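Scroll down for the structure; my scribbles are underneath it.
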Amino acid sequence: MKSFYKLAVQAAFCCLSFAAAAAHAQGAALPAPDCQGKLPAAKSHTVAYLDYQNHSGQITFWESDNYCYADKAVWWEPGSGAYLTQRASVYSPLDPAKDPQGTKRPVVIFTHPNGQTEKFMYKESSTPSDNPYATSTLFQSVLVQALNAGYTVITLEFRHPVASYDAKLNAAPGNTDIRDGIQFMRYNAGQLHIDPENLFLIGQSRGSLNMLWGIKDDAAAIEVQRPWRSASSKANAIWDYQAQTCYDRSTVESSFILPSSYAVFEADPKFPQPPGYKAGCSLGAVGNSSSIPPMVLMYDEALANISAVSLQNYCSTDWSSQYCWKKLKWHDADNIWNTWFDEHDANFGVAMNLAYGNAGAGSKLQVCYGVAITYDDPSGTWNGYRGFLNFFNQYRTLPAVNAVAPFQCPQVKHTPPPT
């Protein structure tokens with residue numbers, strides 16, 4: 001009966017997604033925002049889980065869900081087949097209703113990777129779970145660590161210049177949501193019990209768009225109808241896993257792709273950008289910013305050469321060619337893989353490291369390679385979020401964390417997979 005119920009729910013969701021897609025194709029009006037303008041009352045969660053060493057753990061936290069931010073924008077998300085909203089979830093280590101007035105906790109703003117990951121319930125397995133938090137790498141890696149250290153965590157649902165691009169509109173979907181979310185949360189710091197002077201960004205894959213607005217100059221401005229725009233858009237420090245440092249198609253092509261693969265790259269629907277479309281490029285922002293933030297970039301891929309960008313062959317999304325299938329195999333004892341260009345290519349980090357160096361800010365960036373055996377690897381302590389609190393604590397303003405050891409990239413020895 002339980003399995004039948006889950007199948008029925010899945011079938012209903014598919015039908016709703018199909019209906020939404022059909023309505024969107026016909027040009028139906030956008031639905032109302034799926035969020036609340038006033039911070040919702042927090043609900044308590046107590047979650048039991050197994051940590052990476054297979055030890056049992058438990059955490060209690062409070063969540064205020066579906067909190068509207070910025071302009072409450074609604075958009076059609078092609079990859080999800082659904083309408084999404086500028087909404088946030090606020091996670092606190094303490095009950096906000098009993099929190100003393102004037103409490104100011106440091107805050108981590110999390111920008112999620114693609115998929116249903118906004119609420120830390122993402123898992124590698126497609127097997128249904130009655131405890132989706134307990135099977136979530138993101139929950140254990142980000143939320144549990146931050147809450148246990150006394151941080152508040154805010155997640156954003158946001159538009160992405162590539163993933164959210166809607167070919168029917170043939171217009172920019174907007175890539176400023178993260179910037180607006182930072183300003184909105186900082187402006188409302190009092191009711192959120194957060195310290196506006198201790199705000200940090202952490203993201204993965206799609207969420208590494210956060211670095212664009214972390215690097216750009218402060219966007220604070222006076223707007224009568226949007227008073228939250230007066231708050232700063234800058235962060236104390238940024239941590240990104242599997243980071244994409246540029247989305248502008250022409251820059252990606254000329255900076256990372258071998259000319260022999262240009263045609264395949266240009267035909268790939270993952271980059272559906274018409275001429276003149278400006279998706280955004282963090283690499284270009286570095287040299288034009290007066291305030292470059294401290295940042296750590298983490299990559300699964302272990303590059304042989306991290307001193308210069310290695311142009312890559314480009315494989316299309318279907319992996320149908322014989323060449324691409326051969327490249328799926330790890331090819332040396334140290335597991336240096338991905339010798340084609342992909343969305344998480346570690347050469348993105350190499351290029352950003354060079355950009356920071358050229359701007360005279362090389363000491364502000366650390367790029368770590370080969371940090372996990374597989375994407376989001378939960379086995380052991382070596383995943384893409386290991387050490388982020390240690391790094392953030394280095395850049396806390398008063399009251400600072402005492403005796404913080406400087407962050408260092410993890411040194412991982414990979415074992416080749418069985419043949």
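Chain labels follow the order of the structure tokens: the first chain is A, the next B, and so on; residue numbering restarts at 1 in every chain, and ligands are counted from 1 in their shown order.
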
Excluding same-chain residues fewer than 5 positions from segment 94-106 of chain A, what lies within 7 Å of it counting only C-alpha atoms, as a short mmCIF file (atom, residue, chain, number, x, y, z; two decimals) with C-alpha atoms, in the first residue's frame?
```
data_model
loop_
_atom_site.label_atom_id
_atom_site.label_comp_id
_atom_site.auth_asym_id
_atom_site.auth_seq_id
_atom_site.Cartn_x
_atom_site.Cartn_y
_atom_site.Cartn_z
CA PHE A 61 16.46 23.21 14.33
CA TRP A 62 13.73 25.67 13.44
CA GLY A 150 25.79 28.85 15.80
CA TYR A 151 25.17 30.18 12.31
CA THR A 152 21.76 30.90 10.81
CA HIS A 193 18.20 37.62 14.15
CA ILE A 194 21.27 37.76 11.91
CA ASP A 195 24.39 39.90 12.01
CA ASN A 198 28.92 38.62 9.27
CA LEU A 199 27.30 37.36 6.06
#
```

query = Neighbours of Cys409 of chain A within 8 Å (only C-alpha atoms; same-chain residues fewer than 5 positions away dropped), as a PyMOL selection string?
reply = chain A and resi 366-368

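Close contacts of Gln204 of chain A, defined as residues with an atom at most 6 Å away when counting only C-alpha atoms, with chain neighbours fewer than 6 positions off set aside, comprise A:His112, A:Pro113, A:Asp240, A:Tyr241, A:Gln242.
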
Output N, CA and C atoms of each residue in that selection to a file, as a short mmCIF file (atom, residue, chain, number, x, y, z; two decimals), in the first residue's frame.
```cif
data_model
loop_
_atom_site.label_atom_id
_atom_site.label_comp_id
_atom_site.auth_asym_id
_atom_site.auth_seq_id
_atom_site.Cartn_x
_atom_site.Cartn_y
_atom_site.Cartn_z
N HIS A 112 21.65 26.80 -3.96
CA HIS A 112 21.65 25.36 -4.17
C HIS A 112 22.06 24.95 -5.58
N PRO A 113 22.52 23.71 -5.76
CA PRO A 113 22.76 23.18 -7.10
C PRO A 113 21.44 22.88 -7.78
N ASP A 240 32.57 27.92 -2.79
CA ASP A 240 31.80 27.27 -3.86
C ASP A 240 32.40 25.92 -4.24
N TYR A 241 31.52 24.96 -4.41
CA TYR A 241 31.90 23.59 -4.76
C TYR A 241 31.45 23.32 -6.20
N GLN A 242 32.36 22.73 -7.00
CA GLN A 242 32.08 22.48 -8.42
C GLN A 242 31.67 23.78 -9.11
#
```

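Here the question is which of A:Arg396, A:Lys278, A:Arg159, A:Arg186 gets nearest to Asn236 of chain A using only C-alpha atoms, and that residue is A:Arg396.
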
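Counting only C-alpha atoms, the residue from A:Lys216, A:Arg386, A:Arg87, A:Lys168 that sits nearest to Lys119 of chain A is A:Arg87.
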
query = Hey, what's within 9 Å of Met185 of chain A if we count only C-alpha atoms and toss same-chain stuff fewer than 5 positions away? As a ChimeraX atom specification, please?
reply = /A:69,154,180,192,194,196,228,231

Among segment 50-195 of chain A, which ones does DSSP assign to alpha helix (DSSP H) (computed from the backbone)? Answer as an mmCIF file with N, CA, C and O atoms, in the first residue's frame.
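Here's the written file out-v4.cif:
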```
data_model
loop_
_atom_site.group_PDB
_atom_site.id
_atom_site.type_symbol
_atom_site.label_atom_id
_atom_site.label_comp_id
_atom_site.auth_asym_id
_atom_site.auth_seq_id
_atom_site.Cartn_x
_atom_site.Cartn_y
_atom_site.Cartn_z
ATOM 1 N N THR A 137 23.356 14.513 1.417
ATOM 2 C CA THR A 137 24.724 14.980 1.602
ATOM 3 C C THR A 137 24.746 16.459 1.971
ATOM 4 O O THR A 137 25.519 16.892 2.830
ATOM 5 N N LEU A 138 23.915 17.257 1.323
ATOM 6 C CA LEU A 138 23.888 18.691 1.583
ATOM 7 C C LEU A 138 23.439 18.987 3.013
ATOM 8 O O LEU A 138 23.944 19.907 3.655
ATOM 9 N N GLN A 145 26.506 21.284 9.976
ATOM 10 C CA GLN A 145 27.745 21.930 10.419
ATOM 11 C C GLN A 145 27.514 23.386 10.819
ATOM 12 O O GLN A 145 27.986 23.855 11.856
ATOM 13 N N ALA A 146 26.788 24.126 9.968
ATOM 14 C CA ALA A 146 26.596 25.554 10.221
ATOM 15 C C ALA A 146 25.744 25.793 11.470
ATOM 16 O O ALA A 146 26.063 26.660 12.298
ATOM 17 N N LEU A 147 24.653 25.051 11.614
ATOM 18 C CA LEU A 147 23.784 25.236 12.772
ATOM 19 C C LEU A 147 24.508 24.882 14.062
ATOM 20 O O LEU A 147 24.380 25.578 15.078
ATOM 21 N N ASN A 148 25.257 23.806 14.044
ATOM 22 C CA ASN A 148 25.997 23.406 15.243
ATOM 23 C C ASN A 148 27.041 24.444 15.637
ATOM 24 O O ASN A 148 27.434 24.527 16.807
ATOM 25 N N ASP A 177 19.028 37.649 -8.858
ATOM 26 C CA ASP A 177 18.258 37.241 -7.687
ATOM 27 C C ASP A 177 19.138 37.069 -6.454
ATOM 28 O O ASP A 177 18.741 37.441 -5.341
ATOM 29 N N ILE A 178 20.317 36.486 -6.624
ATOM 30 C CA ILE A 178 21.194 36.271 -5.469
ATOM 31 C C ILE A 178 21.625 37.612 -4.877
ATOM 32 O O ILE A 178 21.628 37.792 -3.654
ATOM 33 N N ARG A 179 21.989 38.536 -5.751
ATOM 34 C CA ARG A 179 22.336 39.880 -5.269
ATOM 35 C C ARG A 179 21.186 40.479 -4.473
ATOM 36 O O ARG A 179 21.382 41.005 -3.361
ATOM 37 N N ASP A 180 19.973 40.399 -5.023
ATOM 38 C CA ASP A 180 18.810 40.966 -4.352
ATOM 39 C C ASP A 180 18.507 40.232 -3.048
ATOM 40 O O ASP A 180 18.081 40.849 -2.065
ATOM 41 N N GLY A 181 18.729 38.912 -3.037
ATOM 42 C CA GLY A 181 18.493 38.145 -1.822
ATOM 43 C C GLY A 181 19.436 38.552 -0.706
ATOM 44 O O GLY A 181 19.035 38.662 0.467
ATOM 45 N N ILE A 182 20.696 38.779 -1.040
ATOM 46 C CA ILE A 182 21.668 39.239 -0.035
ATOM 47 C C ILE A 182 21.219 40.571 0.555
ATOM 48 O O ILE A 182 21.193 40.764 1.776
ATOM 49 N N GLN A 183 20.850 41.508 -0.320
ATOM 50 C CA GLN A 183 20.443 42.832 0.148
ATOM 51 C C GLN A 183 19.168 42.752 0.989
ATOM 52 O O GLN A 183 19.046 43.422 2.020
ATOM 53 N N PHE A 184 18.221 41.947 0.547
ATOM 54 C CA PHE A 184 16.942 41.843 1.248
ATOM 55 C C PHE A 184 17.138 41.267 2.649
ATOM 56 O O PHE A 184 16.574 41.765 3.624
ATOM 57 N N MET A 185 17.922 40.195 2.762
ATOM 58 C CA MET A 185 18.135 39.569 4.070
ATOM 59 C C MET A 185 18.911 40.500 5.002
ATOM 60 O O MET A 185 18.622 40.593 6.188
ATOM 61 N N ARG A 186 19.899 41.187 4.454
ATOM 62 C CA ARG A 186 20.673 42.117 5.280
ATOM 63 C C ARG A 186 19.779 43.274 5.755
ATOM 64 O O ARG A 186 19.873 43.704 6.916
ATOM 65 N N TYR A 187 18.917 43.779 4.907
ATOM 66 C CA TYR A 187 18.006 44.873 5.266
ATOM 67 C C TYR A 187 17.052 44.440 6.376
ATOM 68 O O TYR A 187 16.681 45.243 7.240
ATOM 69 N N ALA A 189 17.698 42.185 8.712
ATOM 70 C CA ALA A 189 18.516 41.431 9.665
ATOM 71 C C ALA A 189 17.886 41.374 11.056
ATOM 72 O O ALA A 189 18.008 40.357 11.753
ATOM 73 N N GLY A 190 17.194 42.426 11.472
ATOM 74 C CA GLY A 190 16.626 42.467 12.812
ATOM 75 C C GLY A 190 15.628 41.356 13.055
ATOM 76 O O GLY A 190 15.728 40.610 14.032
ATOM 77 N N GLN A 191 14.646 41.212 12.161
ATOM 78 C CA GLN A 191 13.635 40.180 12.365
ATOM 79 C C GLN A 191 14.171 38.778 12.111
ATOM 80 O O GLN A 191 13.607 37.790 12.593
ATOM 81 N N LEU A 192 15.286 38.677 11.374
ATOM 82 C CA LEU A 192 15.883 37.378 11.102
ATOM 83 C C LEU A 192 16.905 36.967 12.166
ATOM 84 O O LEU A 192 17.424 35.853 12.123
#
```

ask   = Could you pull the residues within 7 Å of Ala220 of chain A, counting only C-alpha atoms, minus those fewer than 2 positions along the same chain, as a VMD selection string?
value = chain A and resid 218 229 to 233

Serialized selection, N, CA and C atoms, as a compact mmCIF listing (two decimals), in the first residue's frame:
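Saved the output as selection-v2.txt:
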```txt
# COMPACT_ATOMS: atom_id res chain seq x y z
N ASP A 218 29.83 46.77 -4.74
CA ASP A 218 28.61 46.85 -3.94
C ASP A 218 27.48 47.48 -4.75
N ARG A 229 17.08 47.72 -1.28
CA ARG A 229 18.22 47.90 -2.18
C ARG A 229 19.30 48.81 -1.57
N SER A 230 19.00 49.44 -0.45
CA SER A 230 19.98 50.29 0.20
C SER A 230 21.03 49.49 0.95
N ALA A 231 20.78 48.20 1.18
CA ALA A 231 21.72 47.36 1.92
C ALA A 231 22.85 46.88 1.02
N SER A 232 23.97 46.54 1.62
CA SER A 232 25.13 46.09 0.86
C SER A 232 24.88 44.71 0.23
N SER A 233 25.47 44.50 -0.94
CA SER A 233 25.38 43.20 -1.62
C SER A 233 26.64 42.37 -1.44
```

ask   = Which of these residues is nearest to Met295 of chain A, using only C-alpha atoms: A:Ala42, A:Ala149, A:Ala361, A:Cys68?
value = A:Ala361

inquiry  = Give me the residues near Leu311 of chain A as a PyMOL selection string, where near means some atom within 8 Å (using only C-alpha atoms) and where sequence neighbours in that chain fewer than 4 positions away do not count.
reply    = chain A and resi 255-258+341

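Among the candidate residues A:Gly360, A:Gly214, A:Gly370, A:Gly81, the one lying nearest to Ile306 of chain A is A:Gly370, with distances computed using only C-alpha atoms.
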
request  = Go through A:Met352, A:Met211, A:Ala82, A:Val224 and flag the residue nearest Leu365 of chain A, using only C-alpha atoms for the distances.
outcome  = A:Met352

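Distances here use only C-alpha atoms; by that measure, the residue among A:Trp239, A:Tyr67, A:Trp75, A:Phe271 closest to Val162 of chain A is A:Phe271.
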
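Taking atom CA of Lys38 of chain A and atom CA of Thr111 of chain A as endpoints, the distance between them is 21.3 Å.
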
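As for atom CA of Gly203 of chain A and atom CA of Ala235 of chain A, they are spaced 13.0 Å apart.
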